[in-house]
Amino acid sequence: MARELTEVGVVGLGTMGAGIAEVLARAGLSVTAVEISEDALARGRGHVDQSTDKAVSRGKLEPAERDAILGRIRFSTSLEDLSSAELVIEAVPERMELKTELFAKLDKICPPDTILATNTSSLSVTELSVATGRPSKVIGMHFFNPAPVMKLVEVVRTVVTEQPVVEDVEALADRLGKVDVTIGDKAGFIANALLFGYLNHAVSMYENRYASREDIDAAMRLGCGLPMGPLALMDLIGIDTAYEILDTMYKQSRNRLHAPSPVIKQMMTAGLLGRKSGRGFYTYATPGSAEVVADEHTPPAGGAATGARPVSAVGVVGSGTMATGIIEVVAKGGYDVLFQARSPEKVEAVTAALRRSLDKQVARGRLDEAGRDEVLGRVRGTTSLDDFADSDLVIEAVVESLPVKQALFAALGEIAKPGAVLATTTSSLPVIECAKASERPADVVGLHFFNPAPVMKLVEVVSTIATAPDVAATAHAVCAQLGKHAVSCTDRAGFIVNALLFPYLNDAVKMLEAHYATADDIDAAMKVGCGYPMGPFELLDVVGLDVSLAIERELYTEFREPGFAPAPLLEHLVTAGYLGRKTG
């Protein structure tokens, strides 16, 4: 049975260490908080005071509760004051030599049964443990920043950590009101191993000028529901901290996807460390501020739509869920819409589905009956592609098959009037193949809507090497009219969102395949530790494992990156017919 700890210590009172001390004191433990100097101690005390005062001002703590919390923390500059601690958590800077030196000192000061815990986010807990004479009592307790708010703790056991030590720390995490996941000692643990590969990939995308920082961040926020875009998150974490974590992970894994992108080291060397220095990928009002201010890289508002061709009549090809959603969005945007389906029955089905969707919005008070009738009045159906001869923009939303799309664009290239824009909603196929089939490639652009189209704000505007500038501008102008947020990218596998999302999902499957952690723990780590709306396995089940595998194969085929090769476990699940929610 786990023992109930009462006397604990924290060494290092930066933002993280001060937060851990506060969390422990909030749970009723007696805390000795140690810093290297009086100045550092005063700053640490200031962090705790500021955090608890803010909680009082927001009504989350009573003044008496704050006073009780502060009364449980003894501030000190002497490690000797930890001589009666049952557990000591170190939260000093992320340098191996500093941490091993500290652990060697604590080993001499603390009683033999004191647990020594490290808050490292990426260093080897095993390597730290052997700096002591008690490696079996050394464990990782990786809190997330800010510790009083973030619910996740990764409990990291080494091959020699005693089971009672693990149980004591798990019980403490539960007492602190945290969600704990217990895992082995591997670079990055769960959350950082998955998060930093994705962040590094996003930095490479920006460094290669595939998309702007604003578009990369907006794509991941709006396309995946993430709380922050990857480059803004890099600025929050700190470019130097991110470099250290990636470098440590790469040295352990030798996975090229963990090798820090060159620009990260360049920024670190130049002192562009993110929010804390006032400049990173973005520029901030002052060092430490969260307020982004315009700089020389900030795009002009509405600039992407400059020079657009006029559009009043829009055609949509297709009768599936995505096509029906696009029809609704376009009609709501004020355009006259003509849609084509293969039979009169499918035309009727689309019209009925559109009416049901609008009726539901009327019932929920989001639309009045007059508005519904106005939208329906703008929509007509047909079974003949020839009826698109007068459309200014034709959007295809048919099955994700290249031969089918090529045949369709060959027909539209002949039917559509000169100057009409032809758009494909493909999420993974090369837009240039559709453009070539049309024999008017300058008029062709990708318009990748996200499902469900009436709800999701993001559209990826994908220009091929042949797309005319005014065609891309037309796509942006139409998206603005539809109330969508358009991001620009060029024609390569995955565009922005899928190119960043699916390697991350693949990494999660590989982590499960290696028996490093359970699917539940991996999902919990990403939801609770990183604020993701869904864990990777929940998301895979929703998307469909077969769909995910197809996209991962496209990415691997295009980039030839060994780390993008689909995990064998994913291949096996799809072969067995285990495809996610749709198969139960």
# chains A, B, ... in the order shown; residues from 1 in each chain; ligands from 1
call {"tool": "closest_atom_pairs", "arguments": {"of": "stretch 391-429 of chain A", "to": "stretch 457-463 of chain A", "cutoff": "12 Å", "atoms": "only C-alpha atoms", "output": "Markdown table"}}
result
| residue | atom | partner | partner_atom | distance |
| --- | --- | --- | --- | --- |
| A:Leu422 | CA | A:Ser463 | CA | 11.8 |
| A:Ala423 | CA | A:Val462 | CA | 9.4 |
| A:Thr424 | CA | A:Val462 | CA | 9.2 |
| A:Thr425 | CA | A:Glu460 | CA | 9.1 |
| A:Thr426 | CA | A:Val462 | CA | 9.8 |
| A:Ser427 | CA | A:Glu460 | CA | 9.2 |
| A:Ser428 | CA | A:Val462 | CA | 11.1 |
| A:Leu429 | CA | A:Val462 | CA | 11.3 |
call {"tool": "write_last_selection", "arguments": {"atoms": "C-alpha atoms", "output": "compact mmCIF listing (two decimals), in the first residue's frame"}}
result
# COMPACT_ATOMS: atom_id res chain seq x y z
CA LEU A 422 -12.16 25.06 -61.75
CA ALA A 423 -11.52 23.84 -58.19
CA THR A 424 -10.93 20.42 -56.64
CA THR A 425 -11.65 19.59 -52.99
CA THR A 426 -9.11 16.76 -52.90
CA SER A 427 -7.42 16.25 -49.54
CA SER A 428 -4.49 14.17 -50.74
CA LEU A 429 -4.29 13.81 -54.53
call {"tool": "residues_around", "arguments": {"residues": "A:Gly377", "least_positions_apart": "6", "cutoff": "12 Å", "atoms": "only C-alpha atoms", "output": "short mmCIF file (atom, residue, chain, number, x, y, z; two decimals) with N, CA and C atoms, in the first residue's frame"}}
result
data_model
loop_
_atom_site.label_atom_id
_atom_site.label_comp_id
_atom_site.auth_asym_id
_atom_site.auth_seq_id
_atom_site.Cartn_x
_atom_site.Cartn_y
_atom_site.Cartn_z
N GLU A 328 -24.46 24.00 -49.34
CA GLU A 328 -25.10 24.82 -48.29
C GLU A 328 -24.27 26.07 -47.99
N ALA A 331 -24.38 28.59 -50.96
CA ALA A 331 -25.69 29.25 -51.07
C ALA A 331 -25.89 30.25 -49.93
N LYS A 332 -25.44 29.89 -48.72
CA LYS A 332 -25.53 30.81 -47.59
C LYS A 332 -24.67 32.04 -47.81
N GLY A 334 -24.46 33.67 -50.43
CA GLY A 334 -25.12 34.59 -51.35
C GLY A 334 -24.94 34.27 -52.82
N TYR A 335 -24.30 33.15 -53.12
CA TYR A 335 -24.10 32.78 -54.52
C TYR A 335 -25.26 31.92 -55.04
N ASP A 336 -25.55 32.02 -56.33
CA ASP A 336 -26.46 31.07 -56.98
C ASP A 336 -25.68 29.79 -57.23
N VAL A 337 -26.26 28.65 -56.82
CA VAL A 337 -25.54 27.38 -56.87
C VAL A 337 -26.28 26.38 -57.76
N LEU A 338 -25.56 25.79 -58.68
CA LEU A 338 -26.05 24.68 -59.49
C LEU A 338 -25.22 23.46 -59.12
N THR A 351 -31.14 17.61 -52.31
CA THR A 351 -32.09 18.68 -51.96
C THR A 351 -32.75 18.40 -50.62
N LEU A 354 -30.21 18.91 -47.82
CA LEU A 354 -29.99 20.34 -47.61
C LEU A 354 -31.14 20.95 -46.81
N ARG A 355 -32.36 20.58 -47.16
CA ARG A 355 -33.53 21.10 -46.45
C ARG A 355 -33.51 20.65 -44.98
N ALA A 370 -37.48 32.58 -43.33
CA ALA A 370 -37.26 33.36 -44.54
C ALA A 370 -35.83 33.15 -45.06
N GLY A 371 -34.88 33.10 -44.13
CA GLY A 371 -33.49 32.86 -44.51
C GLY A 371 -33.31 31.49 -45.12
#
call {"tool": "residues_around", "arguments": {"residues": "A:Phe564", "least_positions_apart": "3", "cutoff": "8 Å", "atoms": "only C-alpha atoms", "output": "list in words"}}
result
Pro503, Asn506, Glu552, Leu555, Tyr556, Arg560 and Glu561 of chain A
call {"tool": "write_last_selection", "arguments": {"atoms": "N, CA, C and O atoms", "output": "CSV table (one decimal), in the first residue's frame"}}
result
chain,number,residue,atom,x,y,z
A,503,PRO,N,1.7,12.4,-39.8
A,503,PRO,CA,2.9,11.8,-39.2
A,503,PRO,C,2.8,11.8,-37.7
A,503,PRO,O,3.3,10.8,-37.0
A,506,ASN,N,0.8,8.7,-36.9
A,506,ASN,CA,1.6,7.6,-37.2
A,506,ASN,C,2.6,7.3,-36.0
A,506,ASN,O,2.8,6.2,-35.6
A,552,GLU,N,-1.2,8.4,-45.2
A,552,GLU,CA,0.2,8.2,-44.8
A,552,GLU,C,1.0,7.6,-45.9
A,552,GLU,O,2.2,8.0,-46.1
A,555,LEU,N,1.9,10.5,-48.2
A,555,LEU,CA,3.0,11.3,-47.7
A,555,LEU,C,4.3,10.6,-47.8
A,555,LEU,O,5.3,11.2,-48.2
A,556,TYR,N,4.3,9.3,-47.5
A,556,TYR,CA,5.6,8.5,-47.6
A,556,TYR,C,6.1,8.5,-49.1
A,556,TYR,O,7.3,8.6,-49.4
A,560,ARG,N,9.4,10.5,-49.2
A,560,ARG,CA,10.4,9.4,-49.1
A,560,ARG,C,11.1,9.5,-47.7
A,560,ARG,O,12.3,9.2,-47.6
A,561,GLU,N,10.4,10.0,-46.7
A,561,GLU,CA,11.0,10.2,-45.4
A,561,GLU,C,10.7,8.9,-44.6
A,561,GLU,O,9.6,8.5,-44.4
call {"tool": "atom_distance", "arguments": {"atom1": "atom CA of A:Asp470", "atom2": "atom CA of A:Gly446"}}
result
13.6 Å
call {"tool": "select_by_dssp", "arguments": {"residues": "stretch 291-518 of chain A", "states": "helix (DSSP H, G or I)", "output": "count of residues only"}}
result
105
call {"tool": "atom_distance", "arguments": {"atom1": "atom CA of A:Val181", "atom2": "atom CA of A:Ala524"}}
result
7.8 Å
call {"tool": "closest_residue", "arguments": {"among": "A:Gly223, A:Pro568, A:Gly531, A:Gly28", "to": "A:Arg175", "atoms": "only C-alpha atoms"}}
result
A:Gly28
call {"tool": "residues_around", "arguments": {"residues": "A:Arg553", "least_positions_apart": "5", "cutoff": "10 Å", "atoms": "only C-alpha atoms", "output": "PyMOL selection string"}}
result
chain A and resi 493+547-548+558+560+564-566
call {"tool": "residues_around", "arguments": {"residues": "stretch 101-104 of chain A", "least_positions_apart": "4", "cutoff": "8 Å", "atoms": "only C-alpha atoms", "output": "ChimeraX atom specification"}}
result
/A:97,108,116,128-129,131-132
call {"tool": "write_last_selection", "arguments": {"atoms": "N, CA, C and O atoms", "output": "JSON list (two decimals), in the first residue's frame"}}
result
[["chain", "number", "residue", "atom", "x", "y", "z"],
["A", 97, "GLU", "N", 24.38, 17.85, -16.54],
["A", 97, "GLU", "CA", 25.45, 17.98, -15.54],
["A", 97, "GLU", "C", 24.93, 18.68, -14.28],
["A", 97, "GLU", "O", 25.32, 18.35, -13.15],
["A", 108, "LYS", "N", 23.29, 12.57, -0.46],
["A", 108, "LYS", "CA", 24.05, 12.61, 0.81],
["A", 108, "LYS", "C", 23.22, 13.24, 1.93],
["A", 108, "LYS", "O", 23.40, 12.92, 3.11],
["A", 116, "LEU", "N", 13.74, 10.56, -4.74],
["A", 116, "LEU", "CA", 14.27, 11.70, -5.50],
["A", 116, "LEU", "C", 13.60, 11.70, -6.87],
["A", 116, "LEU", "O", 13.73, 10.74, -7.63],
["A", 128, "LEU", "N", 20.26, 10.03, -14.63],
["A", 128, "LEU", "CA", 20.23, 10.84, -13.41],
["A", 128, "LEU", "C", 20.30, 9.95, -12.17],
["A", 128, "LEU", "O", 20.95, 10.28, -11.18],
["A", 129, "SER", "N", 19.62, 8.80, -12.24],
["A", 129, "SER", "CA", 19.52, 7.93, -11.05],
["A", 129, "SER", "C", 20.87, 7.37, -10.64],
["A", 129, "SER", "O", 21.14, 7.20, -9.44],
["A", 131, "ALA", "N", 23.63, 8.76, -10.65],
["A", 131, "ALA", "CA", 24.47, 9.75, -9.96],
["A", 131, "ALA", "C", 24.28, 9.63, -8.45],
["A", 131, "ALA", "O", 24.96, 10.32, -7.69],
["A", 132, "THR", "N", 23.34, 8.80, -8.03],
["A", 132, "THR", "CA", 23.04, 8.62, -6.60],
["A", 132, "THR", "C", 23.40, 7.20, -6.17],
["A", 132, "THR", "O", 23.64, 6.33, -7.00]]
call {"tool": "closest_residue", "arguments": {"among": "A:Ala242, A:Ala259, A:Val445, A:Ile190", "to": "A:Thr474", "atoms": "only C-alpha atoms"}}
result
A:Val445
call {"tool": "atom_distance", "arguments": {"atom1": "atom CA of A:Tyr250", "atom2": "atom CA of A:Asn200"}}
result
11.4 Å
call {"tool": "select_by_dssp", "arguments": {"residues": "stretch 218-419 of chain A", "states": "strand (DSSP E or B)", "output": "PyMOL selection string"}}
result
chain A and resi 274+279+283-284+292-293+313-317+336-340+379-382+393-396
call {"tool": "write_last_selection", "arguments": {"atoms": "N, CA, C and O atoms", "output": "mmCIF file, in the first residue's frame"}}
result
data_model
loop_
_atom_site.group_PDB
_atom_site.id
_atom_site.type_symbol
_atom_site.label_atom_id
_atom_site.label_comp_id
_atom_site.auth_asym_id
_atom_site.auth_seq_id
_atom_site.Cartn_x
_atom_site.Cartn_y
_atom_site.Cartn_z
ATOM 1 N N GLY A 274 11.543 33.639 -28.547
ATOM 2 C CA GLY A 274 10.091 33.552 -28.404
ATOM 3 C C GLY A 274 9.572 34.657 -27.513
ATOM 4 O O GLY A 274 10.157 35.742 -27.415
ATOM 5 N N ARG A 279 10.718 38.317 -29.199
ATOM 6 C CA ARG A 279 10.708 37.986 -30.623
ATOM 7 C C ARG A 279 11.116 36.534 -30.831
ATOM 8 O O ARG A 279 12.070 36.052 -30.221
ATOM 9 N N THR A 283 6.632 38.610 -33.464
ATOM 10 C CA THR A 283 7.157 39.719 -32.658
ATOM 11 C C THR A 283 6.096 40.096 -31.624
ATOM 12 O O THR A 283 4.902 40.140 -31.947
ATOM 13 N N TYR A 284 6.543 40.360 -30.390
ATOM 14 C CA TYR A 284 5.632 40.636 -29.275
ATOM 15 C C TYR A 284 5.813 42.065 -28.767
ATOM 16 O O TYR A 284 6.872 42.683 -28.973
ATOM 17 N N VAL A 292 0.858 39.765 -29.805
ATOM 18 C CA VAL A 292 1.598 39.755 -31.066
ATOM 19 C C VAL A 292 1.413 41.103 -31.756
ATOM 20 O O VAL A 292 0.295 41.617 -31.849
ATOM 21 N N VAL A 293 2.512 41.676 -32.237
ATOM 22 C CA VAL A 293 2.439 42.949 -32.970
ATOM 23 C C VAL A 293 2.940 42.730 -34.392
ATOM 24 O O VAL A 293 3.704 41.796 -34.668
ATOM 25 N N ALA A 313 -22.061 32.979 -60.156
ATOM 26 C CA ALA A 313 -22.690 31.665 -60.299
ATOM 27 C C ALA A 313 -21.663 30.575 -60.017
ATOM 28 O O ALA A 313 -20.573 30.567 -60.610
ATOM 29 N N VAL A 314 -22.009 29.678 -59.090
ATOM 30 C CA VAL A 314 -21.079 28.620 -58.672
ATOM 31 C C VAL A 314 -21.694 27.258 -58.973
ATOM 32 O O VAL A 314 -22.868 27.022 -58.696
ATOM 33 N N GLY A 315 -20.880 26.372 -59.510
ATOM 34 C CA GLY A 315 -21.301 24.992 -59.735
ATOM 35 C C GLY A 315 -20.611 24.067 -58.755
ATOM 36 O O GLY A 315 -19.459 24.294 -58.378
ATOM 37 N N VAL A 316 -21.309 23.025 -58.292
ATOM 38 C CA VAL A 316 -20.729 22.013 -57.403
ATOM 39 C C VAL A 316 -21.021 20.650 -58.010
ATOM 40 O O VAL A 316 -22.177 20.337 -58.321
ATOM 41 N N VAL A 317 -19.986 19.821 -58.178
ATOM 42 C CA VAL A 317 -20.145 18.478 -58.723
ATOM 43 C C VAL A 317 -20.042 17.484 -57.573
ATOM 44 O O VAL A 317 -19.035 17.445 -56.873
ATOM 45 N N ASP A 336 -25.548 32.018 -56.332
ATOM 46 C CA ASP A 336 -26.456 31.071 -56.981
ATOM 47 C C ASP A 336 -25.676 29.786 -57.227
ATOM 48 O O ASP A 336 -24.562 29.822 -57.774
ATOM 49 N N VAL A 337 -26.260 28.651 -56.817
ATOM 50 C CA VAL A 337 -25.543 27.378 -56.867
ATOM 51 C C VAL A 337 -26.285 26.381 -57.760
ATOM 52 O O VAL A 337 -27.481 26.141 -57.572
ATOM 53 N N LEU A 338 -25.559 25.793 -58.676
ATOM 54 C CA LEU A 338 -26.054 24.684 -59.486
ATOM 55 C C LEU A 338 -25.223 23.460 -59.117
ATOM 56 O O LEU A 338 -23.991 23.514 -59.177
ATOM 57 N N PHE A 339 -25.870 22.383 -58.687
ATOM 58 C CA PHE A 339 -25.111 21.174 -58.373
ATOM 59 C C PHE A 339 -25.487 20.048 -59.334
ATOM 60 O O PHE A 339 -26.617 19.990 -59.825
ATOM 61 N N GLN A 340 -24.522 19.179 -59.583
ATOM 62 C CA GLN A 340 -24.754 18.059 -60.495
ATOM 63 C C GLN A 340 -24.585 16.745 -59.749
ATOM 64 O O GLN A 340 -23.612 16.548 -59.024
ATOM 65 N N VAL A 379 -30.530 27.452 -54.898
ATOM 66 C CA VAL A 379 -29.933 26.151 -55.252
ATOM 67 C C VAL A 379 -30.776 25.430 -56.305
ATOM 68 O O VAL A 379 -31.990 25.301 -56.163
ATOM 69 N N ARG A 380 -30.109 24.960 -57.354
ATOM 70 C CA ARG A 380 -30.764 24.128 -58.370
ATOM 71 C C ARG A 380 -29.918 22.875 -58.592
ATOM 72 O O ARG A 380 -28.686 22.915 -58.455
ATOM 73 N N GLY A 381 -30.588 21.781 -58.971
ATOM 74 C CA GLY A 381 -29.884 20.532 -59.253
ATOM 75 C C GLY A 381 -29.995 20.159 -60.714
ATOM 76 O O GLY A 381 -30.929 20.575 -61.410
ATOM 77 N N THR A 382 -29.031 19.371 -61.190
ATOM 78 C CA THR A 382 -29.039 18.889 -62.572
ATOM 79 C C THR A 382 -28.332 17.545 -62.629
ATOM 80 O O THR A 382 -27.598 17.182 -61.706
ATOM 81 N N LEU A 393 -17.398 29.652 -61.307
ATOM 82 C CA LEU A 393 -16.544 28.783 -60.485
ATOM 83 C C LEU A 393 -17.217 27.421 -60.405
ATOM 84 O O LEU A 393 -18.416 27.346 -60.110
ATOM 85 N N VAL A 394 -16.478 26.356 -60.678
ATOM 86 C CA VAL A 394 -17.000 24.997 -60.520
ATOM 87 C C VAL A 394 -16.127 24.266 -59.503
ATOM 88 O O VAL A 394 -14.893 24.218 -59.658
ATOM 89 N N ILE A 395 -16.756 23.734 -58.449
ATOM 90 C CA ILE A 395 -16.043 23.015 -57.391
ATOM 91 C C ILE A 395 -16.412 21.543 -57.476
ATOM 92 O O ILE A 395 -17.595 21.190 -57.406
ATOM 93 N N GLU A 396 -15.420 20.670 -57.640
ATOM 94 C CA GLU A 396 -15.741 19.233 -57.642
ATOM 95 C C GLU A 396 -15.554 18.666 -56.240
ATOM 96 O O GLU A 396 -14.594 18.990 -55.541
#
call {"tool": "residues_around", "arguments": {"residues": "stretch 42-59 of chain A", "least_positions_apart": "3", "cutoff": "7 Å", "atoms": "only C-alpha atoms", "output": "list in words"}}
result
Leu13, Gly14, Thr15, Ala18, Gly19, Glu22, Glu38, Asp39, Glu62, Pro63 and Arg66 of chain A
call {"tool": "residues_around", "arguments": {"residues": "A:Ser438", "least_positions_apart": "2", "cutoff": "7 Å", "atoms": "only C-alpha atoms", "output": "JSON, numbers by chain"}}
result
{"A": [409, 410, 412, 413, 434, 435, 436, 440, 441]}
